[in-house]
Amino acid sequence: IVDVIGKQVPLTKNGANYKACCPFHQEKSGSFTVNPDKQFYYCFGCGAGGDVLSFYIDYNRLSFIDAVKQLSGGIITEISSEDRQQYNAECEKQKKLRDDEQKKRRVDAAKQANMIWNDSVEATTYPLHPYLATKQVAPHGLREGNFPYYDKMIPNALFVPVYKGKKIVSLQAIFESDDNPIGRGKTFLFGGEKKGCYFKIGEVTDKNDQIIVICEGYATGASIFETSGHTTFVAF
């Protein structure tokens with residue numbers, strides 16, 4: 001699977017797996033992973049996943065038969081209905097396993113997010129976190145603390161809580177710089193839910209002010225709120 005996907009998507013070794021920016025949706029963080037041991041791929045951003053054949057079908061927009069022919073180098077020219085049914089059944093089985101694994105990861109991430117959030121301290125305006133100082137915005141309900149990464153702790157991380165309904169289901173961590181074990185300035189908890197989630201800045205205090213702003217990115221949301229006073233939802 002690594003050979004096939006690697007010919008169409010630039011993969012980077014990441015521990016026992018490989019990672020890349022997902023080819024099925026736009027992103028910058030690289031949520032697409034390929035597991036050579038289990039022979040499947042999965043994107044933590046959009047949920048796309050499957051085996052080498054399903055990737056080849058979806059990425060190249062091919063039919064089942066054409067994908068099998070191309071992957072086999074033309075050796076296989078006919079697919080029996082029995083083989084197709086067997087493949088479809090296996091796909092359904094693998095999809096259920098992936099869905100179950102994703103649910104467990106989300107539950108574990110939510111528990112971890114709340115533990116980290118409860119152990120962190122309220123972010124202050126003095127001293128202001130370097131990220132906030134650079135963006136020239138205030139910490140509206142954010143916290144600071146240690147972010148776990150494998151067997152290490154990254155100190156002074158700025159935490160943006162990721163809400164689903166009224167519950168924290170994950171955290172976005174913003175670091176002082178890219179010089180950290182992860183190698184980038186921001187990240188989310190592994191396995192945490194993001195799609196359809198939010199962080200709210202401000203409250204509607206004037207009944208006549210019914211304007212609600214939806215945006216991407218904490219700094220953008222904070223800037224909009226500080227400028228307009230409108231309740232702002234940062235969408236993930």
# chains A, B, ... in the order shown; residues from 1 in each chain; ligands from 1
call {"tool": "residues_around", "arguments": {"residues": "Phe175 (chain A)", "least_positions_apart": "6", "cutoff": "9 Å", "atoms": "only C-alpha atoms", "output": "list in words"}}
result
His129, Pro130, Tyr131, Ile154, Pro155, Asn156, Ala157, Leu158, Phe159, Arg184, Gly185, Lys186 and Thr187 of chain A
call {"tool": "select_by_dssp", "arguments": {"residues": "region 37-194 of chain A", "states": "helix (DSSP H, G or I)", "output": "PyMOL selection string"}}
result
chain A and resi 52-60+64-71+81-119+130-135
call {"tool": "residues_around", "arguments": {"residues": "Lys194 (chain A)", "least_positions_apart": "2", "cutoff": "9 Å", "atoms": "only C-alpha atoms", "output": "JSON, numbers by chain"}}
result
{"A": [45, 162, 163, 164, 169, 170, 188, 192, 196, 197, 198, 235, 236]}
call {"tool": "write_last_selection", "arguments": {"atoms": "C-alpha atoms", "output": "CSV table (one decimal), in the first residue's frame"}}
result
chain,number,residue,atom,x,y,z
A,45,GLY,CA,-9.4,15.2,9.1
A,162,VAL,CA,-12.7,22.4,20.9
A,163,TYR,CA,-16.4,22.2,21.8
A,164,LYS,CA,-19.2,19.9,20.6
A,169,VAL,CA,-14.0,17.0,22.9
A,170,SER,CA,-10.5,18.0,22.0
A,188,PHE,CA,-4.7,19.0,17.8
A,192,GLY,CA,-9.9,14.3,18.8
A,196,GLY,CA,-18.6,20.4,13.2
A,197,CYS,CA,-16.9,21.7,16.4
A,198,TYR,CA,-16.3,25.2,17.6
A,235,ALA,CA,-15.1,26.8,13.4
A,236,PHE,CA,-12.8,23.8,13.2
call {"tool": "select_by_dssp", "arguments": {"residues": "region 184-236 of chain A", "states": "strand (DSSP E)", "output": "PDB file with N, CA and C atoms, in the first residue's frame"}}
result
ATOM      1  N   LYS A 186       1.349  24.546  15.592  1.00  0.00           N
ATOM      2  CA  LYS A 186       0.023  24.194  16.101  1.00  0.00           C
ATOM      3  C   LYS A 186      -0.245  22.710  15.883  1.00  0.00           C
ATOM      4  N   THR A 187      -1.110  22.174  16.707  1.00  0.00           N
ATOM      5  CA  THR A 187      -1.555  20.799  16.491  1.00  0.00           C
ATOM      6  C   THR A 187      -2.829  20.569  17.282  1.00  0.00           C
ATOM      7  N   PHE A 188      -3.497  19.462  16.999  1.00  0.00           N
ATOM      8  CA  PHE A 188      -4.663  19.036  17.760  1.00  0.00           C
ATOM      9  C   PHE A 188      -4.339  17.730  18.462  1.00  0.00           C
ATOM     10  N   TYR A 198     -16.479  23.762  17.526  1.00  0.00           N
ATOM     11  CA  TYR A 198     -16.294  25.206  17.554  1.00  0.00           C
ATOM     12  C   TYR A 198     -15.670  25.679  18.872  1.00  0.00           C
ATOM     13  N   PHE A 199     -15.288  26.962  18.874  1.00  0.00           N
ATOM     14  CA  PHE A 199     -14.938  27.681  20.103  1.00  0.00           C
ATOM     15  C   PHE A 199     -15.595  29.049  20.020  1.00  0.00           C
ATOM     16  N   LYS A 200     -16.323  29.419  21.065  1.00  0.00           N
ATOM     17  CA  LYS A 200     -17.075  30.672  21.047  1.00  0.00           C
ATOM     18  C   LYS A 200     -16.340  31.765  21.810  1.00  0.00           C
ATOM     19  N   ILE A 201     -16.288  32.944  21.206  1.00  0.00           N
ATOM     20  CA  ILE A 201     -15.694  34.111  21.842  1.00  0.00           C
ATOM     21  C   ILE A 201     -16.792  35.148  22.055  1.00  0.00           C
ATOM     22  N   ILE A 212     -23.971  37.269  14.533  1.00  0.00           N
ATOM     23  CA  ILE A 212     -23.029  36.238  14.966  1.00  0.00           C
ATOM     24  C   ILE A 212     -22.068  35.978  13.821  1.00  0.00           C
ATOM     25  N   VAL A 213     -20.796  35.980  14.123  1.00  0.00           N
ATOM     26  CA  VAL A 213     -19.766  35.796  13.104  1.00  0.00           C
ATOM     27  C   VAL A 213     -19.178  34.393  13.217  1.00  0.00           C
ATOM     28  N   ILE A 214     -18.975  33.737  12.084  1.00  0.00           N
ATOM     29  CA  ILE A 214     -18.327  32.428  12.036  1.00  0.00           C
ATOM     30  C   ILE A 214     -17.056  32.566  11.206  1.00  0.00           C
ATOM     31  N   CYS A 215     -15.952  32.079  11.732  1.00  0.00           N
ATOM     32  CA  CYS A 215     -14.674  32.212  11.026  1.00  0.00           C
ATOM     33  C   CYS A 215     -13.790  31.011  11.304  1.00  0.00           C
ATOM     34  N   GLU A 216     -12.611  31.001  10.705  1.00  0.00           N
ATOM     35  CA  GLU A 216     -11.616  29.961  10.943  1.00  0.00           C
ATOM     36  C   GLU A 216     -10.406  30.589  11.618  1.00  0.00           C
ATOM     37  N   THR A 231     -20.497  38.377  18.896  1.00  0.00           N
ATOM     38  CA  THR A 231     -20.173  37.008  19.277  1.00  0.00           C
ATOM     39  C   THR A 231     -19.580  36.286  18.071  1.00  0.00           C
ATOM     40  N   THR A 232     -18.453  35.627  18.292  1.00  0.00           N
ATOM     41  CA  THR A 232     -17.732  34.996  17.186  1.00  0.00           C
ATOM     42  C   THR A 232     -17.505  33.518  17.462  1.00  0.00           C
ATOM     43  N   PHE A 233     -17.821  32.700  16.490  1.00  0.00           N
ATOM     44  CA  PHE A 233     -17.589  31.254  16.593  1.00  0.00           C
ATOM     45  C   PHE A 233     -16.406  30.899  15.689  1.00  0.00           C
ATOM     46  N   VAL A 234     -15.383  30.303  16.303  1.00  0.00           N
ATOM     47  CA  VAL A 234     -14.253  29.789  15.542  1.00  0.00           C
ATOM     48  C   VAL A 234     -14.594  28.346  15.168  1.00  0.00           C
ATOM     49  N   ALA A 235     -14.745  28.094  13.887  1.00  0.00           N
ATOM     50  CA  ALA A 235     -15.127  26.753  13.410  1.00  0.00           C
ATOM     51  C   ALA A 235     -13.874  25.945  13.099  1.00  0.00           C
TER      52      ALA A 235
END
call {"tool": "closest_residue", "arguments": {"among": "A:Lys152, A:Arg106, A:Lys135, A:Arg143", "to": "Val121 (chain A)", "atoms": "only C-alpha atoms"}}
result
A:Arg143
call {"tool": "closest_residue", "arguments": {"among": "A:Ala133, A:Ala138, A:Ile211, A:Tyr149", "to": "Ile182 (chain A)", "atoms": "only C-alpha atoms"}}
result
A:Tyr149
call {"tool": "residues_around", "arguments": {"residues": "Thr125 (chain A)", "least_positions_apart": "2", "cutoff": "10 Å", "atoms": "only C-alpha atoms", "output": "list in words"}}
result
Glu122, Ala123, Pro127, Leu128, His129, Leu132, Ala133, Val137, Ala138, Pro139 and His140 of chain A
call {"tool": "residues_around", "arguments": {"residues": "region 61-64 of chain A", "least_positions_apart": "6", "cutoff": "9 Å", "atoms": "only C-alpha atoms", "output": "list in words"}}
result
Leu53, Ser54 and Arg84 of chain A
call {"tool": "residues_around", "arguments": {"residues": "Tyr42 (chain A)", "least_positions_apart": "5", "cutoff": "6 Å", "atoms": "only C-alpha atoms", "output": "PyMOL selection string"}}
result
chain A and resi 32-33+48-49
call {"tool": "residues_around", "arguments": {"residues": "Ser223 (chain A)", "least_positions_apart": "3", "cutoff": "9 Å", "atoms": "only C-alpha atoms", "output": "PyMOL selection string"}}
result
chain A and resi 135-138+218-220+226-228
call {"tool": "closest_residue", "arguments": {"among": "A:Pro181, A:Gly141, A:Gly221, A:Gly50", "to": "Glu92 (chain A)", "atoms": "only C-alpha atoms"}}
result
A:Gly50
call {"tool": "atom_distance", "arguments": {"atom1": "CA of Arg105 (chain A)", "atom2": "CA of Gly191 (chain A)"}}
result
4.9 Å
call {"tool": "closest_residue", "arguments": {"among": "A:Phe190, A:Tyr150, A:Tyr126, A:Phe225", "to": "Gly15 (chain A)", "atoms": "only C-alpha atoms"}}
result
A:Tyr150
call {"tool": "atom_distance", "arguments": {"atom1": "CA of Val107 (chain A)", "atom2": "CA of Cys43 (chain A)"}}
result
17.4 Å
call {"tool": "closest_residue", "arguments": {"among": "A:Gln102, A:Ser177, A:Gln94, A:Asn114", "to": "Glu193 (chain A)", "atoms": "only C-alpha atoms"}}
result
A:Gln102
call {"tool": "atom_distance", "arguments": {"atom1": "CA of Asn17 (chain A)", "atom2": "CA of Gly47 (chain A)"}}
result
17.0 Å
call {"tool": "decode", "arguments": {"residues": "region 126-165 of chain A", "atoms": "N, CA and C atoms", "output": "CSV table (one decimal), in the first residue's frame"}}
result
chain,number,residue,atom,x,y,z
A,126,TYR,N,-0.7,39.5,30.8
A,126,TYR,CA,0.7,39.8,31.2
A,126,TYR,C,1.3,38.8,32.1
A,127,PRO,N,2.3,38.0,31.7
A,127,PRO,CA,2.9,38.1,30.3
A,127,PRO,C,2.0,37.5,29.3
A,128,LEU,N,2.0,38.0,28.1
A,128,LEU,CA,1.2,37.5,27.0
A,128,LEU,C,1.9,36.4,26.3
A,129,HIS,N,1.2,35.3,26.0
A,129,HIS,CA,1.8,34.2,25.2
A,129,HIS,C,2.4,34.8,23.9
A,130,PRO,N,3.6,34.3,23.5
A,130,PRO,CA,4.2,34.8,22.3
A,130,PRO,C,3.3,34.8,21.0
A,131,TYR,N,2.5,33.7,20.9
A,131,TYR,CA,1.6,33.7,19.8
A,131,TYR,C,0.6,34.8,19.8
A,132,LEU,N,0.0,35.1,21.0
A,132,LEU,CA,-1.0,36.2,21.1
A,132,LEU,C,-0.3,37.5,20.9
A,133,ALA,N,0.9,37.6,21.4
A,133,ALA,CA,1.7,38.9,21.2
A,133,ALA,C,1.9,39.2,19.7
A,134,THR,N,2.3,38.1,19.0
A,134,THR,CA,2.5,38.3,17.6
A,134,THR,C,1.2,38.6,16.8
A,135,LYS,N,0.1,38.0,17.2
A,135,LYS,CA,-1.1,38.3,16.5
A,135,LYS,C,-1.8,39.5,17.0
A,136,GLN,N,-1.3,40.0,18.2
A,136,GLN,CA,-1.9,41.2,18.8
A,136,GLN,C,-3.4,41.1,19.2
A,137,VAL,N,-3.7,39.9,19.8
A,137,VAL,CA,-5.0,39.6,20.3
A,137,VAL,C,-4.9,39.1,21.7
A,138,ALA,N,-6.0,39.2,22.5
A,138,ALA,CA,-6.1,38.8,23.8
A,138,ALA,C,-6.5,37.3,24.0
A,139,PRO,N,-6.3,36.7,25.1
A,139,PRO,CA,-6.7,35.3,25.4
A,139,PRO,C,-8.1,35.2,25.9
A,140,HIS,N,-9.1,35.1,25.0
A,140,HIS,CA,-10.5,35.1,25.5
A,140,HIS,C,-10.8,33.7,25.9
A,141,GLY,N,-10.6,33.4,27.2
A,141,GLY,CA,-11.0,32.1,27.7
A,141,GLY,C,-10.0,30.9,27.4
A,142,LEU,N,-8.8,31.3,27.0
A,142,LEU,CA,-7.8,30.2,26.7
A,142,LEU,C,-7.0,29.9,28.0
A,143,ARG,N,-6.3,28.8,27.9
A,143,ARG,CA,-5.5,28.4,29.0
A,143,ARG,C,-4.1,28.0,28.5
A,144,GLU,N,-3.2,27.9,29.4
A,144,GLU,CA,-1.8,27.5,29.1
A,144,GLU,C,-1.4,26.4,30.0
A,145,GLY,N,-0.5,25.5,29.4
A,145,GLY,CA,0.0,24.4,30.2
A,145,GLY,C,0.9,23.5,29.4
A,146,ASN,N,1.1,22.3,29.8
A,146,ASN,CA,2.0,21.4,29.2
A,146,ASN,C,1.2,20.5,28.2
A,147,PHE,N,1.8,20.3,27.0
A,147,PHE,CA,1.1,19.5,26.0
A,147,PHE,C,1.9,18.2,25.9
A,148,PRO,N,1.2,17.0,26.1
A,148,PRO,CA,1.9,15.7,26.0
A,148,PRO,C,2.1,15.3,24.5
A,149,TYR,N,3.3,14.8,24.3
A,149,TYR,CA,3.7,14.3,22.9
A,149,TYR,C,4.6,13.1,23.1
A,150,TYR,N,3.9,11.9,23.0
A,150,TYR,CA,4.6,10.7,23.3
A,150,TYR,C,5.1,10.7,24.7
A,151,ASP,N,6.4,10.6,24.9
A,151,ASP,CA,7.0,10.5,26.3
A,151,ASP,C,7.5,11.9,26.7
A,152,LYS,N,7.1,12.9,26.0
A,152,LYS,CA,7.6,14.3,26.3
A,152,LYS,C,6.5,15.2,26.6
A,153,MET,N,6.9,16.3,27.2
A,153,MET,CA,5.9,17.4,27.5
A,153,MET,C,6.4,18.7,26.8
A,154,ILE,N,5.6,19.3,26.1
A,154,ILE,CA,5.9,20.6,25.4
A,154,ILE,C,5.4,21.7,26.3
A,155,PRO,N,6.2,22.5,27.0
A,155,PRO,CA,5.7,23.5,28.0
A,155,PRO,C,5.2,24.7,27.3
A,156,ASN,N,4.4,25.5,28.1
A,156,ASN,CA,3.9,26.8,27.7
A,156,ASN,C,3.0,26.7,26.4
A,157,ALA,N,2.3,25.7,26.3
A,157,ALA,CA,1.4,25.6,25.1
A,157,ALA,C,0.1,26.4,25.4
A,158,LEU,N,-0.4,27.0,24.4
A,158,LEU,CA,-1.7,27.8,24.5
A,158,LEU,C,-2.8,26.9,24.1
A,159,PHE,N,-3.8,26.7,24.9
A,159,PHE,CA,-4.9,25.8,24.5
A,159,PHE,C,-6.2,26.5,24.1
A,160,VAL,N,-6.7,26.1,23.0
A,160,VAL,CA,-8.0,26.5,22.5
A,160,VAL,C,-8.9,25.3,22.6
A,161,PRO,N,-9.9,25.4,23.5
A,161,PRO,CA,-10.8,24.2,23.7
A,161,PRO,C,-11.7,24.0,22.4
A,162,VAL,N,-11.9,22.8,22.1
A,162,VAL,CA,-12.7,22.4,20.9
A,162,VAL,C,-14.0,21.9,21.5
A,163,TYR,N,-15.1,22.6,21.2
A,163,TYR,CA,-16.4,22.2,21.8
A,163,TYR,C,-17.3,21.5,20.8
A,164,LYS,N,-18.1,20.5,21.3
A,164,LYS,CA,-19.2,19.9,20.6
A,164,LYS,C,-20.4,20.0,21.5
A,165,GLY,N,-21.3,20.9,21.2
A,165,GLY,CA,-22.4,21.2,22.1
A,165,GLY,C,-21.8,22.0,23.3
